[in-house]
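Trainee: A single structure is presented below for examination.
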Amino acid sequence: MVDKLLEVKNLRVELQTKDGVVPVIDDLSFDLDYGESLSFVGESGCGKSMTALALMGLLPEKVGRIASGSIKFEGRQLANASSEDLRKIRGNEISMIFQEPMTSLNPVLSVGEQISEVLRLHQKMSVNSAWKRAEDLLDAVNIPDPKRRVHDYPFQMSGGQRQRVMIAMALACEPKILIADEPTTALDVTVQAQIFGLLKDLQTKTGTSIILITHDMGAVAQMARKMIVMYAGRPCEIGEVAQVIKTPQHPYTTGLISCVPHLDDAIIDANNRLSEIPGIVPSLREFGSNKCLFASRCKHQMEQCRAERPVLAQFSNKQAFACWKREIIDAG
Amino acid sequence: MQADEQDRPLLKVRNLRVEFATKSNIFSRQKSSVKAVDGISFDIKRGETLGLVGESGSGKTTAALAIARLLEASGGEVNLNNVDLLQLEREDLRQARTKLQFIFQDPYSSLNPRKRAEEIVREPLDSLTDFDQVKRQKIVDNLFDSVGLRHEQKKLFPHQFSGGQRQRLGIARALSTNPELVICDEAVSALDVAVQAQILNLLKDLQANLGLTYLFISHDLGVVKHMCDSVVVMYMGKVVEHANREQLFSAPKHPYTKTLLNAVPKLDVALDVTEVQNQMSKSATENSFVNGCKFFDRCPLSQPKCKEVAPELGETQTGHWVACHMIS
């Protein structure tokens, strides 16, 4: 049997906090195929970035650990693999673009040095050929005049250009998986459109799989085919993007879609209100308790929600969600 | 007479300019300057919301700061209730500030971490009004109710609040002097989507209850479409399009506005982003076309004329102003 590119099963990640051990990712399973794009959606504090860090083996040392479950990358077990093994994969076969391009680039090295470093380490390229390749990569991410700009330092570039440098660096070794953690949050919409266009282009050219982490449903609709909605460390809805956006089943997904004013919404009257999800994400202390963590914010909540954690159950062949209301929703 | 009063715009901005001096090199004595806001004009009617949109660096925040006299304008007029704020000095300015308040983007850094919530909300009352202790306390209590904070939270420090609650504090502070105009500078950008909806609803409720007028700055066009009655689009310090909400979003005219709207990811279809990408392959460069249209190098419609002569803002149909040679 051919191994899946990435197969995550019952992943549980625990953080050591002063209130004890809390599961910031609680029973997450998904898989990713070659050339596929998957998106994680949810508010901050719901475990989206933690998932990415767990995949990369970059959980905060001594504080975070993978408690149980498995992460298989082309059949190789990544959960609790040695840091040496992880280092070979990281930046080489799985790489990541971080949210803040200013703080994640080294301010005292030129962008050329930073890109070529990846190539020298992972591909054992010579200094000269790595530098040459860095120029090509800058060209591939549409930075004008790459021969000159490769000597620039991050502060000499605009936000969008820095994000392109990050992408160039992440793509240097032609990874099989590219994880993009809110890659456009700090950028203008026009620049965001360019970055998305660039990522899509590169995906078609190189066949890289993309994991996009975002809170923007519009970005999901445009960039991904599959999506996972996370709430308080738990997956609450998984499915095909088109289907989930059209017929969201979990009340949290419905809320996330309708609480944002979208540009393609019709203008109704002057005083229309947005539908709200009241309250905020529960504190870490509540994570892991055997109940629906969304219950306190949910207008459908009932007794069972506070007594038992809902299980993720298949809704149709392309959609699954975790909610006790499903029978009632099913009934209409 | 009463009707007249209602119809008159609350805020009239005329030809507002803000320039920042720069030195081109350290040896040159000649001073040059960047025109961050280059002669913008607009009105806001009482009780309405005007949106100010554009990419970062287009001068939205600079314009707002100049209107609030938090930054010195280089020229122009800012009439609030027929009083030119730019001409006011000292005590008069202090009095005028009670009528115009600011809500800032970052609820984390815009609250003094060493003050308690009620002190933060009371601060404008302390410094701008002469009310007695009892009345101030009463106003603060009422504000906590109207922005949806609990009274027992009055003694807490900012770090003990969540992001959304902190923004509620910032709103309460802005409303304490009973202002007529509230400037919201990216007031919801730092918030999570669910909390953003709560704050937007709060702002709308307050507007309906208190008759507030908002100058609403945001880069999120969906939010602007939801919140604003009319919209001003800025590009490199200039107004390129100004129209009411229906016209701007359903029939945008300026090529820059169109590009901006196209760039927003849509929910329903996967739009072809490469088109936008090609159009916007260059990013804004300062002073590239000093005489002509600043959008020239990124514009799909550009003609030789655009490079030579800067287009004036002209009314193409009632209430719809566009600054473009190619739109008549």
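Every chain in the structure tokens has a letter given in the order shown (A, B, ...), and although residue numbers restart at 1 in each chain, ligands are simply numbered from 1 in the order shown.
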Excluding stretch 307-318 of chain B and any residue of its chain fewer than 4 positions from it, enumerate the residues within 6 Å of it, using only C-alpha atoms, and give them as a compact mmCIF listing (two decimals) with C-alpha atoms, in the first residue's frame.
Mentor:
```txt
# COMPACT_ATOMS: atom_id res chain seq x y z
CA ASN B 291 2.94 65.78 -11.89
CA GLY B 292 0.61 63.13 -13.15
CA CYS B 293 -1.76 60.58 -11.73
CA VAL B 322 -13.94 60.18 -9.25
CA ALA B 323 -10.44 61.41 -10.00
CA CYS B 324 -9.54 59.77 -13.30
CA HIS B 325 -8.99 61.04 -16.85
```
Trainee: Leaving out A:Phe315 and any residue of its chain fewer than 4 positions from it, which residues lie within 9 Å of it when counting only C-alpha atoms, given as JSON, numbers by chain?
Mentor: {"A": [249, 319, 320, 321, 326]}
Trainee: Please, what distance in Å, to one decimal, runs between atom CA of B:Pro9 and atom CA of B:Val78?
Mentor: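 Between atom CA of B:Pro9 and atom CA of B:Val78 the gap is 11.8 Å.
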Trainee: Mind listing the helix (DSSP H, G or I) residues of stretch 117-161 of chain B, per DSSP on the backbone, as a PyMOL selection string?
Mentor: chain B and resi 117-128+133-146+151-155+158-160
Trainee: Each residue of chain A with at least one atom at most 7 Å from chain B should appear once, together with its nearest atom pair and the corresponding distance in Å (one decimal); atoms considered: only C-alpha atoms; ordering: chain, then increasing residue number; output as a Markdown table.
Mentor:
```
| residue | atom | partner | partner_atom | distance |
| --- | --- | --- | --- | --- |
| A:Glu43 | CA | B:Asp192 | CA | 6.0 |
| A:Ser44 | CA | B:Asp192 | CA | 6.8 |
| A:Asp188 | CA | B:Glu55 | CA | 5.8 |
| A:Val189 | CA | B:Ala263 | CA | 5.7 |
| A:Thr190 | CA | B:Ala263 | CA | 5.3 |
| A:Ala193 | CA | B:Ala263 | CA | 5.4 |
| A:Gln194 | CA | B:Gln277 | CA | 4.7 |
| A:Gly197 | CA | B:Val273 | CA | 5.3 |
| A:Met217 | CA | B:Leu267 | CA | 6.7 |
| A:Gly218 | CA | B:Pro265 | CA | 4.7 |
| A:Ala219 | CA | B:Pro265 | CA | 5.6 |
| A:Ala221 | CA | B:Leu267 | CA | 5.6 |
| A:Gln222 | CA | B:Ala270 | CA | 4.6 |
| A:Leu256 | CA | B:Ala194 | CA | 6.7 |
| A:Cys259 | CA | B:Ala197 | CA | 5.6 |
| A:Val260 | CA | B:Val193 | CA | 6.4 |
| A:Pro261 | CA | B:Gly222 | CA | 5.1 |
| A:His262 | CA | B:Gly222 | CA | 4.7 |
| A:Leu263 | CA | B:Gly222 | CA | 4.4 |
| A:Asp264 | CA | B:Lys266 | CA | 6.7 |
| A:Arg273 | CA | B:Asn201 | CA | 5.9 |
| A:Leu274 | CA | B:Ala197 | CA | 6.1 |
| A:Glu276 | CA | B:Ala197 | CA | 5.8 |
| A:Ile277 | CA | B:Ala194 | CA | 5.6 |
```
Trainee: Rounded to one decimal, what separation in Å do you get between atom CA of B:Arg116 and atom CA of B:Arg69?
Mentor: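 Straight-line distance from atom CA of B:Arg116 to atom CA of B:Arg69 works out to 26.9 Å.
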Trainee: Leaving out A:Arg234 and any residue of its chain fewer than 6 positions from it, which residues lie within 12 Å of it when counting only C-alpha atoms, given as a ChimeraX atom specification?
Mentor: /A:10-13,23-29,40-42,45-48,50-51,228,252,287-294,309-312,321-323
Trainee: Neighbouring residues of B:Leu125 were defined as those with any atom within 8 Å, considering only C-alpha atoms; residues of the same chain fewer than 6 positions away were excluded. Please report them as a list in words.
Mentor: Phe131, Arg136, Ser176 and Thr177 of chain B
Trainee: Would you output that residue set with C-alpha atoms, as a PDB file, in the first residue's frame?
Mentor:
```pdb
ATOM      1  CA  PHE B 131     -18.015  68.086  36.170  1.00  0.00           C
ATOM      2  CA  ARG B 136     -18.197  61.866  36.638  1.00  0.00           C
ATOM      3  CA  SER B 176     -17.094  59.747  28.064  1.00  0.00           C
ATOM      4  CA  THR B 177     -17.137  63.384  26.982  1.00  0.00           C
TER       5      THR B 177
END
```
Trainee: Write out as JSON, numbers by chain all residues of stretch 48-288 of chain A that backbone DSSP assigns to strand (DSSP E or B).
Mentor: {"A": [64, 65, 66, 67, 68, 69, 70, 71, 72, 73, 76, 77, 90, 94, 95, 96, 97, 177, 178, 179, 180, 181, 209, 210, 211, 212, 213, 214, 226, 227, 228, 229, 230, 231, 234, 235, 236, 237, 238, 239, 240]}
Trainee: Can I get the selection written as a PDB file, in the first residue's frame, with C-alpha atoms?
Mentor:
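Ended up saving to selection_23.pdb:
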```
ATOM      1  CA  GLY A  64       4.715  21.317  25.127  1.00  0.00           C
ATOM      2  CA  ARG A  65       4.791  17.709  24.072  1.00  0.00           C
ATOM      3  CA  ILE A  66       2.945  15.258  21.895  1.00  0.00           C
ATOM      4  CA  ALA A  67       1.163  13.134  24.490  1.00  0.00           C
ATOM      5  CA  SER A  68      -0.347  10.554  22.195  1.00  0.00           C
ATOM      6  CA  GLY A  69      -1.323   9.900  18.629  1.00  0.00           C
ATOM      7  CA  SER A  70       0.787   9.697  15.528  1.00  0.00           C
ATOM      8  CA  ILE A  71       1.994  11.931  12.757  1.00  0.00           C
ATOM      9  CA  LYS A  72       3.104   9.899   9.774  1.00  0.00           C
ATOM     10  CA  PHE A  73       4.936  11.601   6.943  1.00  0.00           C
ATOM     11  CA  ARG A  76       7.787   7.866   8.775  1.00  0.00           C
ATOM     12  CA  GLN A  77       6.683   8.580  12.325  1.00  0.00           C
ATOM     13  CA  ARG A  90      12.159  20.455   8.618  1.00  0.00           C
ATOM     14  CA  ILE A  94       8.101  20.209   5.309  1.00  0.00           C
ATOM     15  CA  SER A  95       8.586  23.933   5.614  1.00  0.00           C
ATOM     16  CA  MET A  96       6.691  26.794   7.060  1.00  0.00           C
ATOM     17  CA  ILE A  97       5.876  30.436   6.386  1.00  0.00           C
ATOM     18  CA  ILE A 177       4.383  20.226   2.395  1.00  0.00           C
ATOM     19  CA  LEU A 178       4.288  23.973   2.865  1.00  0.00           C
ATOM     20  CA  ILE A 179       2.617  25.194   6.041  1.00  0.00           C
ATOM     21  CA  ALA A 180       1.478  28.811   5.826  1.00  0.00           C
ATOM     22  CA  ASP A 181       0.485  30.240   9.197  1.00  0.00           C
ATOM     23  CA  SER A 209       0.811  20.387  -0.710  1.00  0.00           C
ATOM     24  CA  ILE A 210      -0.260  23.447   1.230  1.00  0.00           C
ATOM     25  CA  ILE A 211      -1.604  23.684   4.755  1.00  0.00           C
ATOM     26  CA  LEU A 212      -3.072  27.145   5.227  1.00  0.00           C
ATOM     27  CA  ILE A 213      -3.857  28.439   8.689  1.00  0.00           C
ATOM     28  CA  THR A 214      -6.218  31.389   8.708  1.00  0.00           C
ATOM     29  CA  LYS A 226     -10.458  20.711   2.370  1.00  0.00           C
ATOM     30  CA  MET A 227     -10.919  22.481   5.672  1.00  0.00           C
ATOM     31  CA  ILE A 228     -10.856  21.763   9.383  1.00  0.00           C
ATOM     32  CA  VAL A 229     -12.618  24.096  11.793  1.00  0.00           C
ATOM     33  CA  MET A 230     -10.891  24.038  15.169  1.00  0.00           C
ATOM     34  CA  TYR A 231     -12.421  25.132  18.441  1.00  0.00           C
ATOM     35  CA  ARG A 234     -10.729  20.141  19.010  1.00  0.00           C
ATOM     36  CA  PRO A 235     -11.798  19.698  15.438  1.00  0.00           C
ATOM     37  CA  CYS A 236     -15.470  20.627  15.311  1.00  0.00           C
ATOM     38  CA  GLU A 237     -16.066  20.344  11.581  1.00  0.00           C
ATOM     39  CA  ILE A 238     -14.101  18.744   8.773  1.00  0.00           C
ATOM     40  CA  GLY A 239     -14.992  18.652   5.134  1.00  0.00           C
ATOM     41  CA  GLU A 240     -14.720  19.890   1.573  1.00  0.00           C
TER      42      GLU A 240
END
```
Trainee: Which value, in Å to one decimal, gives the distance between atom CA of B:Gly148 and atom CA of B:Glu186?
Mentor: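 Here the two named atoms are 20.5 Å from each other.
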Trainee: When you count only C-alpha atoms, which of these residues is closest to B:Asn178: B:His151, B:Leu70, B:Gly211, B:Phe161?
Mentor: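 Among the listed residues, B:Gly211 lies closest to B:Asn178.
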Trainee: Within 12 Å of B:Asn81, counting only C-alpha atoms, which residues show up once you throw out same-chain ones fewer than 6 positions away? Write them as a ChimeraX atom specification, please.
Mentor: /B:5-13,43-46,96,99-100,179-181
Trainee: Restricted to N, CA and C atoms, what would the selected residues look like written as a compact mmCIF listing (two decimals), in the first residue's frame?
Mentor:
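And here is the file that came out, out_37.txt:
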```
# COMPACT_ATOMS: atom_id res chain seq x y z
N GLU B 5 -30.56 72.40 10.23
CA GLU B 5 -29.55 72.00 11.21
C GLU B 5 -29.17 70.54 11.01
N GLN B 6 -30.20 69.72 10.78
CA GLN B 6 -29.97 68.30 10.60
C GLN B 6 -29.21 67.99 9.31
N ASP B 7 -29.52 68.73 8.27
CA ASP B 7 -28.94 68.43 6.97
C ASP B 7 -27.52 68.92 6.81
N ARG B 8 -27.17 69.91 7.62
CA ARG B 8 -25.82 70.44 7.47
C ARG B 8 -24.80 69.40 7.90
N PRO B 9 -23.72 69.26 7.13
CA PRO B 9 -22.74 68.27 7.55
C PRO B 9 -22.13 68.61 8.90
N LEU B 10 -21.86 67.59 9.69
CA LEU B 10 -21.23 67.81 10.98
C LEU B 10 -19.76 68.16 10.78
N LEU B 11 -19.12 67.41 9.89
CA LEU B 11 -17.69 67.63 9.65
C LEU B 11 -17.47 67.98 8.20
N LYS B 12 -16.77 69.10 7.99
CA LYS B 12 -16.40 69.47 6.63
C LYS B 12 -14.89 69.57 6.56
N VAL B 13 -14.29 68.73 5.76
CA VAL B 13 -12.83 68.79 5.58
C VAL B 13 -12.58 69.39 4.22
N ASP B 43 -17.24 65.66 3.30
CA ASP B 43 -18.19 66.02 4.35
C ASP B 43 -18.68 64.76 5.03
N ILE B 44 -19.04 64.87 6.30
CA ILE B 44 -19.78 63.77 6.94
C ILE B 44 -21.05 64.37 7.51
N LYS B 45 -22.18 63.79 7.15
CA LYS B 45 -23.46 64.25 7.69
C LYS B 45 -23.63 63.75 9.11
N ARG B 46 -24.37 64.50 9.88
CA ARG B 46 -24.65 64.13 11.27
C ARG B 46 -25.30 62.74 11.34
N ALA B 96 -13.03 72.02 22.37
CA ALA B 96 -13.47 71.38 21.14
C ALA B 96 -13.18 69.88 21.16
N LYS B 99 -15.76 67.21 21.78
CA LYS B 99 -16.73 66.87 20.73
C LYS B 99 -16.17 65.86 19.72
N LEU B 100 -14.90 65.55 19.85
CA LEU B 100 -14.27 64.69 18.85
C LEU B 100 -13.35 63.72 19.58
N PRO B 179 -19.07 62.90 22.83
CA PRO B 179 -18.60 63.50 21.58
C PRO B 179 -19.67 63.44 20.49
N GLU B 180 -19.49 64.28 19.48
CA GLU B 180 -20.38 64.19 18.32
C GLU B 180 -19.74 63.34 17.23
N LEU B 181 -18.43 63.50 17.09
CA LEU B 181 -17.72 62.75 16.06
C LEU B 181 -16.75 61.78 16.72
```
Trainee: Hey, what's within 12 Å of B:Thr98 if we count only C-alpha atoms and toss same-chain stuff fewer than 4 positions away? As JSON, numbers by chain, please?
Mentor: {"B": [68, 80, 91, 92, 93, 94, 102, 123, 124, 125, 126, 127, 128, 129, 130, 173, 174, 175, 176, 177, 178, 179, 180, 181, 182]}
Trainee: Restricting the calculation to only C-alpha atoms: of B:Ala36, B:Leu88, B:Leu203, B:Val231, which residue gets closest to B:Gln247?
Mentor: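 Selected residue with least distance to B:Gln247: B:Val231.
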Trainee: Using only C-alpha atoms, which residues sit within 8 Å of A:Ala130 once same-chain residues fewer than 5 positions away are excluded, as a ChimeraX atom specification?
Mentor: /A:116-117,119-120,125
Trainee: Those same residues - all heavy atoms - I'd like them written as a PDB file, in the first residue's frame.
Mentor:
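Writing done, so here's part.pdb:
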```
ATOM      1  N   SER A 116      20.239  31.125   1.052  1.00  0.00           N
ATOM      2  CA  SER A 116      21.256  30.149   0.654  1.00  0.00           C
ATOM      3  C   SER A 116      21.679  29.256   1.822  1.00  0.00           C
ATOM      4  O   SER A 116      22.113  28.132   1.620  1.00  0.00           O
ATOM      5  CB  SER A 116      22.466  30.841   0.022  1.00  0.00           C
ATOM      6  OG  SER A 116      22.967  31.826   0.862  1.00  0.00           O
ATOM      7  N   GLU A 117      21.495  29.779   3.035  1.00  0.00           N
ATOM      8  CA  GLU A 117      21.817  28.969   4.213  1.00  0.00           C
ATOM      9  C   GLU A 117      21.005  27.668   4.219  1.00  0.00           C
ATOM     10  O   GLU A 117      21.537  26.586   4.489  1.00  0.00           O
ATOM     11  CB  GLU A 117      21.517  29.783   5.481  1.00  0.00           C
ATOM     12  CG  GLU A 117      21.869  29.044   6.764  1.00  0.00           C
ATOM     13  CD  GLU A 117      21.419  29.781   8.013  1.00  0.00           C
ATOM     14  OE1 GLU A 117      20.540  30.667   7.917  1.00  0.00           O
ATOM     15  OE2 GLU A 117      21.948  29.465   9.086  1.00  0.00           O
ATOM     16  N   LEU A 119      19.825  26.106   1.701  1.00  0.00           N
ATOM     17  CA  LEU A 119      20.302  25.204   0.651  1.00  0.00           C
ATOM     18  C   LEU A 119      21.638  24.562   1.024  1.00  0.00           C
ATOM     19  O   LEU A 119      21.882  23.391   0.747  1.00  0.00           O
ATOM     20  CB  LEU A 119      20.452  25.991  -0.652  1.00  0.00           C
ATOM     21  CG  LEU A 119      19.127  26.481  -1.228  1.00  0.00           C
ATOM     22  CD1 LEU A 119      19.345  27.614  -2.198  1.00  0.00           C
ATOM     23  CD2 LEU A 119      18.391  25.328  -1.883  1.00  0.00           C
ATOM     24  N   ARG A 120      22.506  25.333   1.658  1.00  0.00           N
ATOM     25  CA  ARG A 120      23.803  24.778   2.051  1.00  0.00           C
ATOM     26  C   ARG A 120      23.622  23.689   3.093  1.00  0.00           C
ATOM     27  O   ARG A 120      24.264  22.644   3.048  1.00  0.00           O
ATOM     28  CB  ARG A 120      24.725  25.883   2.587  1.00  0.00           C
ATOM     29  CG  ARG A 120      25.153  26.894   1.527  1.00  0.00           C
ATOM     30  CD  ARG A 120      26.406  27.638   1.948  1.00  0.00           C
ATOM     31  NE  ARG A 120      26.334  28.110   3.322  1.00  0.00           N
ATOM     32  CZ  ARG A 120      25.848  29.313   3.680  1.00  0.00           C
ATOM     33  NH1 ARG A 120      25.418  30.147   2.765  1.00  0.00           N
ATOM     34  NH2 ARG A 120      25.820  29.661   4.937  1.00  0.00           N
ATOM     35  N   MET A 125      24.766  22.302  -0.863  1.00  0.00           N
ATOM     36  CA  MET A 125      25.224  23.062  -2.027  1.00  0.00           C
ATOM     37  C   MET A 125      26.453  23.880  -1.671  1.00  0.00           C
ATOM     38  O   MET A 125      26.669  24.234  -0.511  1.00  0.00           O
ATOM     39  CB  MET A 125      24.130  24.035  -2.472  1.00  0.00           C
ATOM     40  CG  MET A 125      23.080  23.438  -3.358  1.00  0.00           C
ATOM     41  SD  MET A 125      22.105  24.789  -4.032  1.00  0.00           S
ATOM     42  CE  MET A 125      20.842  23.878  -4.868  1.00  0.00           C
TER      43      MET A 125
END
```
